[in-house]
>>> print(open('entry_10.txt').read())   # compact mmCIF, N, CA and C atoms and all ligand atoms
# COMPACT_ATOMS: atom_id res chain seq x y z
N MET A 1 5.17 -38.54 32.07
CA MET A 1 4.51 -39.10 30.88
C MET A 1 4.33 -37.98 29.83
N ALA A 2 4.55 -38.31 28.56
CA ALA A 2 4.52 -37.29 27.51
C ALA A 2 3.12 -36.77 27.23
N PHE A 3 2.09 -37.49 27.64
CA PHE A 3 0.72 -37.08 27.32
C PHE A 3 0.28 -35.82 28.08
N VAL A 4 0.85 -35.63 29.30
CA VAL A 4 0.40 -34.53 30.16
C VAL A 4 0.67 -33.16 29.52
N PRO A 5 1.91 -32.85 29.10
CA PRO A 5 2.11 -31.54 28.45
C PRO A 5 1.31 -31.39 27.16
N PHE A 6 1.11 -32.50 26.46
CA PHE A 6 0.32 -32.48 25.22
C PHE A 6 -1.13 -32.12 25.53
N ALA A 7 -1.67 -32.71 26.61
CA ALA A 7 -3.06 -32.43 27.01
C ALA A 7 -3.20 -30.97 27.44
N LYS A 8 -2.16 -30.45 28.08
CA LYS A 8 -2.18 -29.03 28.49
C LYS A 8 -2.33 -28.12 27.27
N THR A 9 -1.57 -28.44 26.24
CA THR A 9 -1.62 -27.64 25.00
C THR A 9 -3.00 -27.70 24.36
N ILE A 10 -3.57 -28.90 24.35
CA ILE A 10 -4.91 -29.05 23.76
C ILE A 10 -5.92 -28.22 24.54
N PHE A 11 -5.89 -28.32 25.87
CA PHE A 11 -6.84 -27.59 26.70
C PHE A 11 -6.66 -26.08 26.51
N LYS A 12 -5.38 -25.62 26.47
CA LYS A 12 -5.09 -24.19 26.30
C LYS A 12 -5.66 -23.69 24.96
N ASN A 13 -5.49 -24.48 23.91
CA ASN A 13 -5.98 -24.08 22.60
C ASN A 13 -7.50 -24.10 22.53
N LEU A 14 -8.13 -24.98 23.32
CA LEU A 14 -9.59 -25.05 23.32
C LEU A 14 -10.22 -23.81 23.95
N VAL A 15 -9.55 -23.26 24.95
CA VAL A 15 -10.15 -22.13 25.67
C VAL A 15 -9.60 -20.76 25.24
N SER A 16 -8.53 -20.73 24.44
CA SER A 16 -7.96 -19.43 24.04
C SER A 16 -8.54 -18.98 22.70
N LYS A 17 -8.43 -17.67 22.48
CA LYS A 17 -8.91 -17.10 21.22
C LYS A 17 -8.00 -17.53 20.08
N PRO A 18 -8.50 -17.62 18.85
CA PRO A 18 -7.62 -17.97 17.73
C PRO A 18 -6.57 -16.88 17.49
N ALA A 19 -5.38 -17.27 17.03
CA ALA A 19 -4.31 -16.31 16.78
C ALA A 19 -4.53 -15.56 15.47
N THR A 20 -5.43 -16.06 14.64
CA THR A 20 -5.67 -15.44 13.34
C THR A 20 -6.94 -14.59 13.38
N ARG A 21 -7.12 -13.77 12.36
CA ARG A 21 -8.31 -12.92 12.25
C ARG A 21 -9.16 -13.39 11.07
N LEU A 22 -10.43 -13.02 11.12
CA LEU A 22 -11.33 -13.39 10.02
C LEU A 22 -11.20 -12.36 8.89
N TYR A 23 -9.98 -12.24 8.34
CA TYR A 23 -9.78 -11.31 7.23
C TYR A 23 -10.58 -11.78 6.01
N PRO A 24 -11.23 -10.92 5.25
CA PRO A 24 -11.20 -9.45 5.33
C PRO A 24 -12.26 -8.84 6.24
N VAL A 25 -13.06 -9.66 6.91
CA VAL A 25 -14.09 -9.10 7.80
C VAL A 25 -13.41 -8.32 8.94
N THR A 26 -12.37 -8.91 9.52
CA THR A 26 -11.61 -8.24 10.58
C THR A 26 -10.21 -7.98 10.06
N ALA A 27 -9.93 -6.73 9.73
CA ALA A 27 -8.60 -6.39 9.20
C ALA A 27 -7.69 -5.92 10.32
N ARG A 28 -6.39 -6.18 10.17
CA ARG A 28 -5.42 -5.75 11.17
C ARG A 28 -5.17 -4.25 11.02
N LYS A 29 -4.98 -3.56 12.16
CA LYS A 29 -4.64 -2.14 12.11
C LYS A 29 -3.21 -2.03 11.57
N PRO A 30 -2.98 -1.18 10.56
CA PRO A 30 -1.62 -1.11 10.01
C PRO A 30 -0.63 -0.50 10.99
N PHE A 31 0.64 -0.88 10.86
CA PHE A 31 1.70 -0.29 11.66
C PHE A 31 1.92 1.15 11.20
N ASP A 32 2.57 1.96 12.05
CA ASP A 32 2.78 3.38 11.73
C ASP A 32 3.51 3.57 10.41
N ARG A 33 4.50 2.70 10.12
CA ARG A 33 5.31 2.89 8.91
C ARG A 33 4.87 1.99 7.76
N THR A 34 3.68 1.45 7.84
CA THR A 34 3.19 0.59 6.76
C THR A 34 3.12 1.38 5.45
N ARG A 35 3.65 0.80 4.40
CA ARG A 35 3.57 1.42 3.07
C ARG A 35 2.48 0.71 2.29
N GLY A 36 1.36 1.38 2.13
CA GLY A 36 0.20 0.75 1.48
C GLY A 36 0.09 1.09 0.01
N HIS A 37 -0.31 2.32 -0.27
CA HIS A 37 -0.42 2.74 -1.68
C HIS A 37 -0.16 4.24 -1.78
N ILE A 38 0.19 4.65 -3.00
CA ILE A 38 0.51 6.06 -3.25
C ILE A 38 -0.78 6.85 -3.50
N GLU A 39 -0.85 8.02 -2.88
CA GLU A 39 -1.95 8.95 -3.13
C GLU A 39 -1.36 10.24 -3.68
N ILE A 40 -2.17 10.94 -4.46
CA ILE A 40 -1.70 12.21 -5.02
C ILE A 40 -2.72 13.31 -4.78
N ASP A 41 -2.19 14.50 -4.47
CA ASP A 41 -3.03 15.70 -4.43
C ASP A 41 -2.82 16.36 -5.79
N ILE A 42 -3.65 15.99 -6.73
CA ILE A 42 -3.44 16.35 -8.14
C ILE A 42 -3.45 17.88 -8.36
N GLN A 43 -4.12 18.60 -7.50
CA GLN A 43 -4.18 20.06 -7.66
C GLN A 43 -2.82 20.71 -7.40
N GLN A 44 -1.96 20.05 -6.65
CA GLN A 44 -0.63 20.60 -6.35
C GLN A 44 0.41 20.18 -7.39
N CYS A 45 0.11 19.18 -8.20
CA CYS A 45 1.07 18.63 -9.15
C CYS A 45 1.38 19.61 -10.27
N ILE A 46 2.68 19.72 -10.62
CA ILE A 46 3.09 20.62 -11.71
C ILE A 46 3.50 19.81 -12.96
N PHE A 47 3.29 18.49 -12.91
CA PHE A 47 3.55 17.57 -14.04
C PHE A 47 4.98 17.68 -14.55
N CYS A 48 5.90 17.75 -13.59
CA CYS A 48 7.32 17.82 -13.94
C CYS A 48 7.85 16.46 -14.42
N GLY A 49 7.20 15.38 -14.03
CA GLY A 49 7.60 14.05 -14.48
C GLY A 49 8.72 13.41 -13.68
N LEU A 50 9.17 14.05 -12.61
CA LEU A 50 10.27 13.48 -11.81
C LEU A 50 9.89 12.13 -11.22
N CYS A 51 8.67 12.02 -10.71
CA CYS A 51 8.23 10.75 -10.11
C CYS A 51 8.21 9.65 -11.17
N ASP A 52 7.78 10.01 -12.36
CA ASP A 52 7.73 9.07 -13.50
C ASP A 52 9.14 8.55 -13.80
N ARG A 53 10.12 9.46 -13.85
CA ARG A 53 11.49 9.07 -14.20
C ARG A 53 12.18 8.29 -13.09
N LYS A 54 11.86 8.60 -11.84
CA LYS A 54 12.53 7.94 -10.70
C LYS A 54 11.90 6.60 -10.33
N CYS A 55 10.70 6.34 -10.77
CA CYS A 55 10.03 5.09 -10.37
C CYS A 55 10.76 3.89 -10.96
N PRO A 56 11.27 2.99 -10.12
CA PRO A 56 12.07 1.85 -10.63
C PRO A 56 11.25 0.82 -11.40
N THR A 57 9.95 0.81 -11.20
CA THR A 57 9.13 -0.21 -11.88
C THR A 57 8.26 0.37 -12.99
N HIS A 58 8.46 1.67 -13.28
CA HIS A 58 7.67 2.35 -14.32
C HIS A 58 6.17 2.23 -14.06
N ALA A 59 5.81 2.41 -12.80
CA ALA A 59 4.40 2.33 -12.44
C ALA A 59 3.67 3.64 -12.70
N ILE A 60 4.43 4.74 -12.73
CA ILE A 60 3.81 6.07 -12.87
C ILE A 60 3.97 6.58 -14.29
N THR A 61 2.91 7.19 -14.80
CA THR A 61 2.98 7.84 -16.11
C THR A 61 2.44 9.27 -15.96
N VAL A 62 3.27 10.23 -16.35
CA VAL A 62 2.86 11.63 -16.29
C VAL A 62 2.75 12.16 -17.71
N THR A 63 1.60 12.75 -18.03
CA THR A 63 1.42 13.34 -19.36
C THR A 63 1.14 14.83 -19.18
N LYS A 64 2.18 15.60 -19.48
CA LYS A 64 2.10 17.05 -19.25
C LYS A 64 1.03 17.70 -20.14
N ALA A 65 0.92 17.21 -21.39
CA ALA A 65 0.01 17.82 -22.36
C ALA A 65 -1.44 17.88 -21.85
N ASP A 66 -1.90 16.77 -21.27
CA ASP A 66 -3.30 16.80 -20.78
C ASP A 66 -3.38 16.83 -19.25
N LYS A 67 -2.27 17.20 -18.63
CA LYS A 67 -2.23 17.31 -17.16
C LYS A 67 -2.75 16.04 -16.49
N GLY A 68 -2.15 14.93 -16.91
CA GLY A 68 -2.59 13.64 -16.37
C GLY A 68 -1.49 12.96 -15.58
N TRP A 69 -1.88 12.26 -14.55
CA TRP A 69 -0.96 11.48 -13.72
C TRP A 69 -1.63 10.14 -13.45
N SER A 70 -0.96 9.06 -13.78
CA SER A 70 -1.59 7.76 -13.55
C SER A 70 -0.59 6.79 -12.93
N ILE A 71 -1.12 5.82 -12.23
CA ILE A 71 -0.29 4.82 -11.57
C ILE A 71 -0.89 3.44 -11.77
N GLU A 72 -0.03 2.51 -12.15
CA GLU A 72 -0.45 1.11 -12.28
C GLU A 72 -0.16 0.45 -10.94
N ARG A 73 -1.20 0.24 -10.19
CA ARG A 73 -1.06 -0.15 -8.77
C ARG A 73 -0.27 -1.44 -8.56
N MET A 74 -0.48 -2.43 -9.39
CA MET A 74 0.17 -3.72 -9.17
C MET A 74 1.66 -3.71 -9.51
N ARG A 75 2.10 -2.67 -10.21
CA ARG A 75 3.54 -2.54 -10.52
C ARG A 75 4.29 -1.89 -9.36
N CYS A 76 3.59 -1.10 -8.58
CA CYS A 76 4.23 -0.33 -7.51
C CYS A 76 4.76 -1.27 -6.42
N ILE A 77 6.02 -1.05 -6.03
CA ILE A 77 6.63 -1.88 -4.98
C ILE A 77 6.77 -1.09 -3.67
N GLN A 78 6.08 0.04 -3.59
CA GLN A 78 6.04 0.85 -2.36
C GLN A 78 7.44 1.26 -1.88
N CYS A 79 8.31 1.61 -2.82
CA CYS A 79 9.68 1.98 -2.44
C CYS A 79 9.76 3.40 -1.88
N ASN A 80 8.74 4.21 -2.16
CA ASN A 80 8.64 5.59 -1.65
C ASN A 80 9.51 6.59 -2.41
N SER A 81 10.20 6.17 -3.47
CA SER A 81 11.08 7.09 -4.21
C SER A 81 10.32 8.28 -4.77
N CYS A 82 9.13 8.03 -5.30
CA CYS A 82 8.36 9.11 -5.91
C CYS A 82 7.97 10.16 -4.86
N VAL A 83 7.64 9.68 -3.66
CA VAL A 83 7.25 10.60 -2.59
C VAL A 83 8.44 11.48 -2.22
N GLU A 84 9.63 10.88 -2.13
CA GLU A 84 10.83 11.62 -1.72
C GLU A 84 11.28 12.62 -2.78
N VAL A 85 11.06 12.31 -4.04
CA VAL A 85 11.59 13.16 -5.11
C VAL A 85 10.64 14.29 -5.52
N CYS A 86 9.38 14.17 -5.19
CA CYS A 86 8.39 15.16 -5.67
C CYS A 86 8.68 16.56 -5.10
N PRO A 87 8.93 17.54 -5.98
CA PRO A 87 9.26 18.89 -5.49
C PRO A 87 8.07 19.61 -4.86
N LYS A 88 6.87 19.19 -5.20
CA LYS A 88 5.68 19.86 -4.64
C LYS A 88 5.10 19.14 -3.44
N LYS A 89 5.71 18.01 -3.06
CA LYS A 89 5.24 17.21 -1.91
C LYS A 89 3.76 16.85 -2.04
N CYS A 90 3.35 16.57 -3.25
CA CYS A 90 1.93 16.24 -3.45
C CYS A 90 1.68 14.74 -3.48
N LEU A 91 2.75 13.94 -3.33
CA LEU A 91 2.56 12.49 -3.23
C LEU A 91 2.67 12.06 -1.78
N ASN A 92 1.91 11.03 -1.46
CA ASN A 92 1.83 10.57 -0.07
C ASN A 92 1.67 9.06 -0.06
N MET A 93 2.37 8.40 0.90
CA MET A 93 2.22 6.95 1.04
C MET A 93 1.13 6.66 2.06
N ASP A 94 -0.01 6.18 1.58
CA ASP A 94 -1.11 5.83 2.48
C ASP A 94 -0.88 4.44 3.07
N GLN A 95 -1.46 4.18 4.23
CA GLN A 95 -1.21 2.89 4.90
C GLN A 95 -2.09 1.75 4.40
N GLN A 96 -3.14 2.06 3.68
CA GLN A 96 -4.04 0.99 3.21
C GLN A 96 -3.48 0.38 1.92
N TYR A 97 -3.49 -0.94 1.86
CA TYR A 97 -3.02 -1.63 0.66
C TYR A 97 -4.04 -1.54 -0.46
N THR A 98 -3.55 -1.65 -1.69
CA THR A 98 -4.45 -1.76 -2.83
C THR A 98 -5.16 -3.10 -2.73
N ARG A 99 -6.46 -3.09 -2.94
CA ARG A 99 -7.23 -4.34 -2.84
C ARG A 99 -6.82 -5.31 -3.96
N PRO A 100 -6.78 -6.59 -3.66
CA PRO A 100 -6.45 -7.57 -4.70
C PRO A 100 -7.45 -7.49 -5.85
N ALA A 101 -6.95 -7.69 -7.06
CA ALA A 101 -7.82 -7.63 -8.24
C ALA A 101 -7.33 -8.65 -9.27
N PRO A 102 -8.23 -9.15 -10.09
CA PRO A 102 -7.82 -10.15 -11.08
C PRO A 102 -7.01 -9.57 -12.24
N GLY A 103 -7.05 -8.26 -12.43
CA GLY A 103 -6.31 -7.65 -13.55
C GLY A 103 -5.54 -6.43 -13.09
N LYS A 104 -5.04 -5.67 -14.07
CA LYS A 104 -4.29 -4.46 -13.77
C LYS A 104 -5.21 -3.42 -13.14
N VAL A 105 -4.68 -2.68 -12.19
CA VAL A 105 -5.44 -1.58 -11.59
C VAL A 105 -4.70 -0.30 -11.92
N VAL A 106 -5.28 0.52 -12.79
CA VAL A 106 -4.66 1.78 -13.16
C VAL A 106 -5.56 2.92 -12.70
N ASP A 107 -5.01 3.79 -11.87
CA ASP A 107 -5.76 4.96 -11.41
C ASP A 107 -5.20 6.19 -12.10
N THR A 108 -6.09 6.95 -12.72
CA THR A 108 -5.66 8.15 -13.46
C THR A 108 -6.32 9.39 -12.85
N PHE A 109 -5.52 10.43 -12.76
CA PHE A 109 -6.01 11.69 -12.18
C PHE A 109 -5.70 12.81 -13.18
N HIS A 110 -6.61 13.77 -13.25
CA HIS A 110 -6.38 14.95 -14.11
C HIS A 110 -6.60 16.21 -13.30
N ALA A 111 -5.77 17.23 -13.58
CA ALA A 111 -5.91 18.50 -12.87
C ALA A 111 -7.02 19.33 -13.50
S1 LIG B 1 7.10 14.69 -9.06
FE1 LIG B 1 5.30 15.54 -8.00
S2 LIG B 1 4.90 17.43 -9.08
FE2 LIG B 1 6.23 16.23 -10.40
S3 LIG B 1 4.83 15.09 -11.73
FE3 LIG B 1 5.27 13.78 -10.00
S4 LIG B 1 3.61 14.19 -8.55
FE4 LIG B 1 3.62 15.86 -10.01
S1 LIG B 2 6.46 3.91 -4.48
FE1 LIG B 2 8.20 3.37 -5.80
S2 LIG B 2 7.41 1.80 -7.17
FE2 LIG B 2 5.64 2.83 -6.24
S3 LIG B 2 5.09 4.42 -7.70
FE3 LIG B 2 6.46 5.36 -6.20
S4 LIG B 2 8.51 5.16 -7.09
FE4 LIG B 2 7.17 3.76 -8.21
>>> encode(input="entry_10.txt", output="structure tokens")
Amino acid sequence: MAFVPFAKTIFKNLVSKPATRLYPVTARKPFDRTRGHIEIDIQQCIFCGLCDRKCPTHAITVTKADKGWSIERMRCIQCNSCVEVCPKKCLNMDQQYTRPAPGKVVDTFHA
């Protein structure tokens, strides 16, 4: 009878834990290679602008005159190009994602 396997599934679901998490209260641990957001050690930056030129989405803006480096978070596609091209290795891909926001998120750093 088809009801028996169906009843088994219902009983199993009643006694098992949910497959989902109560995000954002319970967040999933990121995988080792998760690409979350770009971080910069601004003290190491020489403002060469390579990351700015290599970024495919124009998320990064480097202003040598005032020693500024900024990133528009929602434009970034986490391709990692800027990290690979930086001659000073001062960029890093962090595993935490940028938090959702209703507008543009621009982070600016100055040396
Ligand atoms: S490539 Fe590196 S050193 Fe050059 S501007 Fe970007 S972050 Fe700074
Ligand atoms: S990870 Fe890619 S898209 Fe994001 S800032 Fe770097 S180069 Fe641009």
>>> residues_around(input="entry_10.txt", residues="Lys88 (chain A)", least_positions_apart="6", cutoff="7 Å", atoms="all atoms listed in the file", output="compact mmCIF listing (two decimals) with N, CA and C atoms, in the frame of the given file")
# COMPACT_ATOMS: atom_id res chain seq x y z
N GLN A 44 -1.96 20.05 -6.65
CA GLN A 44 -0.63 20.60 -6.35
C GLN A 44 0.41 20.18 -7.39
N CYS A 45 0.11 19.18 -8.20
CA CYS A 45 1.07 18.63 -9.15
C CYS A 45 1.38 19.61 -10.27
N ILE A 46 2.68 19.72 -10.62
CA ILE A 46 3.09 20.62 -11.71
C ILE A 46 3.50 19.81 -12.96
>>> residues_around(input="entry_10.txt", residues="Pro56 (chain A)", least_positions_apart="2", cutoff="8 Å", atoms="only N, CA and C atoms", output="PyMOL selection string")
chain A and resi 51-54+58-60+75+77+79+81-82
>>> atom_distance(input="entry_10.txt", atom1="CA of Phe109 (chain A)", atom2="atom C of Asp32 (chain A)")
25.8 Å
>>> atom_distance(input="entry_10.txt", atom1="atom FE1 of ligand LIG 1 (chain B)", atom2="CA of Ala101 (chain A)")
26.6 Å
>>> atom_distance(input="entry_10.txt", atom1="CA of Thr57 (chain A)", atom2="atom N of Cys76 (chain A)")
6.5 Å
>>> residues_around(input="entry_10.txt", residues="Lys104 (chain A)", least_positions_apart="3", cutoff="7 Å", atoms="only N, CA and C atoms", output="list in words")
Glu72, Arg73, Met74 and Ala101 of chain A
>>> residues_near_ligand(input="entry_10.txt", ligand="ligand LIG 1 (chain B)", cutoff="10 Å", atoms="only C-alpha atoms and all ligand atoms", output="ChimeraX atom specification")
/A:39-55,60-64,67-70,81-92
>>> closest_residue(input="entry_10.txt", among="A:Gln78, A:Thr34, A:Pro100, A:His110", to="ligand LIG 2 (chain B)", atoms="only C-alpha atoms and all ligand atoms")
A:Gln78
>>> closest_residue(input="entry_10.txt", among="A:Ala27, A:Val105, A:Ile38, A:Ala65", to="ligand LIG 2 (chain B)", atoms="only N, CA and C atoms and all ligand atoms")
A:Ile38
>>> select_by_dssp(input="entry_10.txt", residues="chain A", states="strand (DSSP E)", output="ChimeraX atom specification")
/A:37-40,60-63,68-72,91-94,106-110
>>> closest_residue(input="entry_10.txt", among="A:Thr20, A:Asn80, A:Gln96, A:Thr108", to="ligand LIG 2 (chain B)", atoms="only N, CA and C atoms and all ligand atoms")
A:Asn80
>>> select_by_dssp(input="entry_10.txt", residues="region 40-69 of chain A", states="helix (DSSP H, G or I)", output="list of chain:residue names")
A:Leu50, A:Cys51, A:Asp52, A:Arg53, A:Lys54
>>> closest_residue(input="entry_10.txt", among="A:Asn13, A:Thr26, A:Asp107, A:Ile71", to="ligand LIG 2 (chain B)", atoms="all atoms listed in the file")
A:Ile71
>>> axis_aligned_box(input="entry_10.txt", around="ligand LIG 2 (chain B)", padding_each_side="3 Å", output="JSON")
{"center_x": 6.8, "center_y": 3.6, "center_z": -6.3, "size_x": 9.4, "size_y": 9.6, "size_z": 9.7}
>>> build_atoms(input="entry_10.txt", residues="region 46-57 of chain A", atoms="N, CA, C and O atoms", output="compact mmCIF listing (two decimals), in the coordinates of the input")
# COMPACT_ATOMS: atom_id res chain seq x y z
N ILE A 46 2.68 19.72 -10.62
CA ILE A 46 3.09 20.62 -11.71
C ILE A 46 3.50 19.81 -12.96
O ILE A 46 4.03 20.35 -13.91
N PHE A 47 3.29 18.49 -12.91
CA PHE A 47 3.55 17.57 -14.04
C PHE A 47 4.98 17.68 -14.55
O PHE A 47 5.24 17.68 -15.74
N CYS A 48 5.90 17.75 -13.59
CA CYS A 48 7.32 17.82 -13.94
C CYS A 48 7.85 16.46 -14.42
O CYS A 48 8.87 16.39 -15.09
N GLY A 49 7.20 15.38 -14.03
CA GLY A 49 7.60 14.05 -14.48
C GLY A 49 8.72 13.41 -13.68
O GLY A 49 9.21 12.33 -14.03
N LEU A 50 9.17 14.05 -12.61
CA LEU A 50 10.27 13.48 -11.81
C LEU A 50 9.89 12.13 -11.22
O LEU A 50 10.69 11.19 -11.20
N CYS A 51 8.67 12.02 -10.71
CA CYS A 51 8.23 10.75 -10.11
C CYS A 51 8.21 9.65 -11.17
O CYS A 51 8.61 8.52 -10.91
N ASP A 52 7.78 10.01 -12.36
CA ASP A 52 7.73 9.07 -13.50
C ASP A 52 9.14 8.55 -13.80
O ASP A 52 9.37 7.35 -13.93
N ARG A 53 10.12 9.46 -13.85
CA ARG A 53 11.49 9.07 -14.20
C ARG A 53 12.18 8.29 -13.09
O ARG A 53 13.00 7.43 -13.35
N LYS A 54 11.86 8.60 -11.84
CA LYS A 54 12.53 7.94 -10.70
C LYS A 54 11.90 6.60 -10.33
O LYS A 54 12.52 5.81 -9.62
N CYS A 55 10.70 6.34 -10.77
CA CYS A 55 10.03 5.09 -10.37
C CYS A 55 10.76 3.89 -10.96
O CYS A 55 10.87 3.76 -12.19
N PRO A 56 11.27 2.99 -10.12
CA PRO A 56 12.07 1.85 -10.63
C PRO A 56 11.25 0.82 -11.40
O PRO A 56 11.82 0.02 -12.13
N THR A 57 9.95 0.81 -11.20
CA THR A 57 9.13 -0.21 -11.88
C THR A 57 8.26 0.37 -12.99
O THR A 57 7.42 -0.33 -13.55
